[in-house]
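So this one's upload_11.txt, compact mmCIF, N, CA, C and O atoms and all ligand atoms:
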```
# COMPACT_ATOMS: atom_id res chain seq x y z
N MET A 945 37.03 39.98 -6.85
CA MET A 945 35.94 40.90 -7.23
C MET A 945 35.62 41.84 -6.08
O MET A 945 35.65 41.45 -4.93
N ALA A 946 35.30 43.05 -6.40
CA ALA A 946 34.96 44.04 -5.38
C ALA A 946 33.59 43.75 -4.78
O ALA A 946 32.73 43.16 -5.43
N LYS A 947 33.41 44.17 -3.55
CA LYS A 947 32.13 43.99 -2.87
C LYS A 947 31.51 45.34 -2.59
O LYS A 947 32.20 46.30 -2.25
N CYS A 948 30.20 45.39 -2.68
CA CYS A 948 29.49 46.61 -2.35
C CYS A 948 29.59 46.89 -0.86
O CYS A 948 29.41 46.00 -0.03
N TYR A 949 29.86 48.13 -0.54
CA TYR A 949 30.01 48.54 0.85
C TYR A 949 28.70 48.39 1.60
O TYR A 949 28.69 48.14 2.81
N TYR A 950 27.59 48.52 0.93
CA TYR A 950 26.29 48.53 1.61
C TYR A 950 25.68 47.14 1.72
O TYR A 950 25.28 46.71 2.79
N CYS A 951 25.60 46.42 0.61
CA CYS A 951 24.85 45.16 0.63
C CYS A 951 25.76 43.94 0.56
O CYS A 951 25.29 42.83 0.70
N GLY A 952 27.05 44.13 0.32
CA GLY A 952 27.97 43.00 0.26
C GLY A 952 27.93 42.25 -1.05
O GLY A 952 28.62 41.25 -1.22
N GLY A 953 27.13 42.71 -2.01
CA GLY A 953 27.05 42.05 -3.30
C GLY A 953 28.27 42.34 -4.16
O GLY A 953 29.01 43.29 -3.90
N ASP A 954 28.47 41.52 -5.17
CA ASP A 954 29.58 41.72 -6.09
C ASP A 954 29.33 42.96 -6.96
O ASP A 954 28.23 43.16 -7.47
N VAL A 955 30.36 43.74 -7.12
CA VAL A 955 30.27 44.92 -7.98
C VAL A 955 31.56 45.05 -8.78
O VAL A 955 32.58 44.46 -8.45
N THR A 956 31.46 45.83 -9.84
CA THR A 956 32.62 46.16 -10.66
C THR A 956 32.67 47.67 -10.79
O THR A 956 31.64 48.33 -10.81
N PHE A 957 33.87 48.19 -10.87
CA PHE A 957 34.03 49.63 -11.05
C PHE A 957 34.39 49.94 -12.49
O PHE A 957 35.25 49.28 -13.08
N ILE A 958 33.72 50.92 -13.03
CA ILE A 958 34.09 51.42 -14.35
C ILE A 958 34.77 52.76 -14.14
O ILE A 958 34.16 53.73 -13.67
N ARG A 959 36.05 52.78 -14.47
CA ARG A 959 36.83 54.00 -14.22
C ARG A 959 36.73 54.93 -15.41
O ARG A 959 36.76 54.52 -16.55
N ARG A 960 36.60 56.20 -15.09
CA ARG A 960 36.50 57.22 -16.14
C ARG A 960 37.49 58.32 -15.83
O ARG A 960 37.60 58.76 -14.69
N ALA A 961 38.16 58.77 -16.85
CA ALA A 961 39.18 59.80 -16.66
C ALA A 961 38.56 61.04 -16.05
O ALA A 961 37.58 61.58 -16.57
N GLY A 962 39.11 61.47 -14.92
CA GLY A 962 38.69 62.73 -14.33
C GLY A 962 37.36 62.70 -13.63
O GLY A 962 36.88 63.74 -13.18
N LYS A 963 36.74 61.52 -13.51
CA LYS A 963 35.44 61.44 -12.85
C LYS A 963 35.45 60.31 -11.84
O LYS A 963 36.30 59.43 -11.87
N LYS A 964 34.46 60.34 -10.96
CA LYS A 964 34.31 59.24 -10.01
C LYS A 964 34.03 57.94 -10.76
O LYS A 964 33.29 57.94 -11.75
N PRO A 965 34.59 56.82 -10.30
CA PRO A 965 34.24 55.55 -10.94
C PRO A 965 32.76 55.24 -10.76
O PRO A 965 32.16 55.62 -9.76
N LEU A 966 32.20 54.57 -11.72
CA LEU A 966 30.82 54.11 -11.61
C LEU A 966 30.83 52.72 -10.99
O LEU A 966 31.65 51.88 -11.35
N VAL A 967 29.91 52.48 -10.07
CA VAL A 967 29.77 51.17 -9.44
C VAL A 967 28.65 50.44 -10.17
O VAL A 967 27.51 50.89 -10.15
N VAL A 968 28.99 49.33 -10.80
CA VAL A 968 27.99 48.62 -11.60
C VAL A 968 27.92 47.15 -11.18
O VAL A 968 28.83 46.63 -10.54
N ASN A 969 26.85 46.51 -11.56
CA ASN A 969 26.73 45.07 -11.35
C ASN A 969 27.69 44.36 -12.31
O ASN A 969 27.80 44.76 -13.47
N PRO A 970 28.38 43.32 -11.84
CA PRO A 970 29.36 42.67 -12.70
C PRO A 970 28.76 41.91 -13.87
O PRO A 970 29.44 41.71 -14.88
N THR A 971 27.53 41.48 -13.74
CA THR A 971 26.90 40.73 -14.83
C THR A 971 26.46 41.69 -15.92
O THR A 971 25.69 42.61 -15.66
N PRO A 972 26.94 41.50 -17.14
CA PRO A 972 26.53 42.42 -18.20
C PRO A 972 25.07 42.25 -18.57
O PRO A 972 24.48 41.19 -18.36
N VAL A 973 24.51 43.29 -19.10
CA VAL A 973 23.15 43.24 -19.64
C VAL A 973 23.23 43.66 -21.11
O VAL A 973 24.18 44.30 -21.54
N TYR A 974 22.22 43.29 -21.85
CA TYR A 974 22.20 43.61 -23.27
C TYR A 974 21.05 44.57 -23.55
O TYR A 974 19.96 44.42 -22.99
N PHE A 975 21.32 45.54 -24.40
CA PHE A 975 20.30 46.56 -24.63
C PHE A 975 20.42 47.11 -26.04
O PHE A 975 21.47 47.01 -26.68
N ILE A 976 19.34 47.68 -26.49
CA ILE A 976 19.32 48.39 -27.77
C ILE A 976 19.22 49.87 -27.47
O ILE A 976 18.30 50.30 -26.75
N PRO A 977 20.18 50.66 -27.95
CA PRO A 977 20.12 52.10 -27.69
C PRO A 977 18.82 52.70 -28.22
O PRO A 977 18.38 52.39 -29.33
N ASP A 978 18.21 53.52 -27.39
CA ASP A 978 16.93 54.12 -27.74
C ASP A 978 16.78 55.39 -26.91
O ASP A 978 16.71 55.31 -25.68
N PRO A 979 16.75 56.55 -27.54
CA PRO A 979 16.64 57.79 -26.77
C PRO A 979 15.38 57.86 -25.94
O PRO A 979 15.31 58.62 -24.98
N ASN A 980 14.38 57.07 -26.29
CA ASN A 980 13.14 57.05 -25.52
C ASN A 980 13.04 55.84 -24.60
O ASN A 980 11.99 55.56 -24.05
N GLY A 981 14.15 55.11 -24.48
CA GLY A 981 14.14 53.92 -23.64
C GLY A 981 13.94 54.26 -22.18
O GLY A 981 14.14 55.40 -21.76
N GLU A 982 13.57 53.25 -21.41
CA GLU A 982 13.24 53.49 -20.01
C GLU A 982 14.41 53.28 -19.07
O GLU A 982 14.32 53.61 -17.90
N ASP A 983 15.50 52.71 -19.56
CA ASP A 983 16.61 52.39 -18.68
C ASP A 983 17.89 53.06 -19.16
O ASP A 983 18.03 53.40 -20.33
N ASN A 984 18.81 53.22 -18.22
CA ASN A 984 20.13 53.74 -18.53
C ASN A 984 21.16 52.63 -18.43
O ASN A 984 21.12 51.82 -17.50
N PHE A 985 22.07 52.63 -19.37
CA PHE A 985 23.11 51.62 -19.42
C PHE A 985 24.44 52.32 -19.59
O PHE A 985 24.51 53.43 -20.12
N ILE A 986 25.49 51.64 -19.14
CA ILE A 986 26.82 52.18 -19.34
C ILE A 986 27.50 51.31 -20.38
O ILE A 986 27.68 50.11 -20.20
N TYR A 987 27.79 51.92 -21.49
CA TYR A 987 28.39 51.21 -22.60
C TYR A 987 29.66 51.95 -23.00
O TYR A 987 29.61 53.14 -23.30
N ASN A 988 30.78 51.23 -22.94
CA ASN A 988 32.04 51.87 -23.34
C ASN A 988 32.32 53.11 -22.49
O ASN A 988 32.75 54.14 -23.00
N ARG A 989 32.00 53.00 -21.19
CA ARG A 989 32.21 54.07 -20.21
C ARG A 989 31.32 55.29 -20.42
O ARG A 989 31.54 56.35 -19.84
N VAL A 990 30.31 55.16 -21.23
CA VAL A 990 29.42 56.28 -21.51
C VAL A 990 27.99 55.86 -21.21
O VAL A 990 27.59 54.73 -21.48
N TRP A 991 27.22 56.79 -20.63
CA TRP A 991 25.80 56.54 -20.38
C TRP A 991 25.04 56.47 -21.70
O TRP A 991 25.19 57.34 -22.55
N ARG A 992 24.20 55.45 -21.81
CA ARG A 992 23.31 55.36 -22.98
C ARG A 992 21.92 55.02 -22.47
O ARG A 992 21.76 54.22 -21.56
N ARG A 993 20.93 55.65 -23.06
CA ARG A 993 19.55 55.28 -22.75
C ARG A 993 19.12 54.19 -23.71
O ARG A 993 19.53 54.19 -24.87
N GLY A 994 18.33 53.26 -23.22
CA GLY A 994 17.95 52.18 -24.11
C GLY A 994 16.93 51.25 -23.49
O GLY A 994 16.38 51.51 -22.43
N THR A 995 16.70 50.17 -24.22
CA THR A 995 15.74 49.16 -23.82
C THR A 995 16.44 47.82 -23.77
O THR A 995 17.21 47.49 -24.68
N ARG A 996 16.19 47.07 -22.75
CA ARG A 996 16.82 45.75 -22.63
C ARG A 996 16.41 44.84 -23.76
O ARG A 996 15.25 44.79 -24.14
N SER A 997 17.40 44.11 -24.28
CA SER A 997 17.13 43.16 -25.35
C SER A 997 18.25 42.13 -25.34
O SER A 997 19.41 42.46 -25.15
N SER A 998 17.88 40.89 -25.57
CA SER A 998 18.88 39.82 -25.44
C SER A 998 19.92 39.87 -26.55
O SER A 998 20.99 39.28 -26.42
N ASP A 999 19.66 40.55 -27.65
CA ASP A 999 20.65 40.57 -28.72
C ASP A 999 21.15 41.99 -29.02
O ASP A 999 21.51 42.31 -30.13
N GLY A 1000 21.16 42.82 -28.00
CA GLY A 1000 21.64 44.18 -28.20
C GLY A 1000 23.10 44.34 -27.83
O GLY A 1000 23.87 43.38 -27.82
N LEU A 1001 23.48 45.56 -27.54
CA LEU A 1001 24.84 45.86 -27.11
C LEU A 1001 25.04 45.36 -25.69
O LEU A 1001 24.11 45.33 -24.89
N LYS A 1002 26.29 45.01 -25.40
CA LYS A 1002 26.61 44.55 -24.05
C LYS A 1002 27.01 45.74 -23.20
O LYS A 1002 27.99 46.42 -23.51
N GLY A 1003 26.24 45.98 -22.16
CA GLY A 1003 26.54 47.09 -21.28
C GLY A 1003 26.41 46.67 -19.83
O GLY A 1003 26.31 45.48 -19.51
N HIS A 1004 26.44 47.65 -18.96
CA HIS A 1004 26.28 47.40 -17.53
C HIS A 1004 25.26 48.36 -16.97
O HIS A 1004 25.06 49.45 -17.50
N ILE A 1005 24.63 47.94 -15.88
CA ILE A 1005 23.73 48.84 -15.19
C ILE A 1005 24.34 49.20 -13.84
O ILE A 1005 25.09 48.42 -13.25
N LEU A 1006 23.98 50.37 -13.40
CA LEU A 1006 24.49 50.87 -12.13
C LEU A 1006 24.05 49.96 -11.00
O LEU A 1006 22.90 49.52 -10.95
N HIS A 1007 24.96 49.69 -10.09
CA HIS A 1007 24.60 48.98 -8.86
C HIS A 1007 23.96 49.99 -7.94
O HIS A 1007 24.61 50.93 -7.50
N ASN A 1008 22.70 49.80 -7.66
CA ASN A 1008 21.93 50.85 -7.01
C ASN A 1008 21.14 50.28 -5.86
O ASN A 1008 19.93 50.17 -5.92
N CYS A 1009 21.83 49.85 -4.82
CA CYS A 1009 21.13 49.19 -3.71
C CYS A 1009 20.87 50.12 -2.56
O CYS A 1009 20.29 49.73 -1.56
N GLU A 1010 21.32 51.36 -2.66
CA GLU A 1010 21.26 52.24 -1.49
C GLU A 1010 19.87 52.80 -1.27
O GLU A 1010 19.58 53.28 -0.19
N ASP A 1011 19.04 52.79 -2.29
CA ASP A 1011 17.73 53.41 -2.15
C ASP A 1011 16.79 52.53 -1.34
O ASP A 1011 16.76 51.35 -1.51
ZN ZN A 1101 24.99 47.05 -2.91
```
Take the structure in the file and write it out as structure tokens.
Ligand SMILES: [Zn+2]
Amino acid sequence: MAKCYYCGGDVTFIRRAGKKPLVVNPTPVYFIPDPNGEDNFIYNRVWRRGTRSSDGLKGHILHNCED
């Protein structure tokens, strides 16, 4: 498994044609797509806005430890 350059945590890369790979947490999260949701998820290599839910779609969240 890949390691984050900054914090040393486990990360996974989502590769996208012609774009920089996204660095995400390896543990999936579940969400319900919602245009008014408060969080962003990566589902099927595409950004989706939504709300976390235990029985939603399986996606990933960006690994964002640099802030
Ligand atoms: Zn990190």
Worksheet item: To one decimal place, how far is atom N of Gly994 of chain A from atom N of Tyr949 of chain A in Å?
Response: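 Interatomic distance, atom N of Gly994 of chain A to atom N of Tyr949 of chain A: 26.0 Å.
Among the candidates A:Gly953, A:Gly962, A:Ile976, A:Pro970, the one nearest to Arg996 of chain A when counting all atoms listed in the file is A:Ile976.
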Neighbourhood of ligand ZN 1101 (chain A) at 5 Å, counting only N, CA, C and O atoms and all ligand atoms, reported as a VMD selection string:
chain A and resid 948 950 to 953 1009
Measure the distance from atom CA of Val968 of chain A to atom CA of Gly981 of chain A in Å and round it to one decimal.
->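 It comes out at 19.1 Å.
For the pair atom O of Asn969 of chain A and atom O of Thr956 of chain A, the interatomic distance is 5.9 Å.
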| Could you name the residues that touch Phe957 of chain A at 6 Å or less, counting only N, CA, C and O atoms, but leaving out those on the same chain fewer than 6 positions away, as a ChimeraX atom specification? | /A:965-968
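Between Asn1008 of chain A and the candidates A:Val955, A:Pro979, A:Thr995, A:Arg960, the tightest atom-to-atom separation, counting only C-alpha atoms, involves A:Val955.
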Centre and size of axis-aligned box enclosing segment 992-1006 of chain A plus 4 Å each side, as lines of an AutoDock Vina configuration file:
```
center_x = 21.6
center_y = 47.5
center_z = -20.5
size_x = 20.7
size_y = 24.4
size_z = 27.2
```
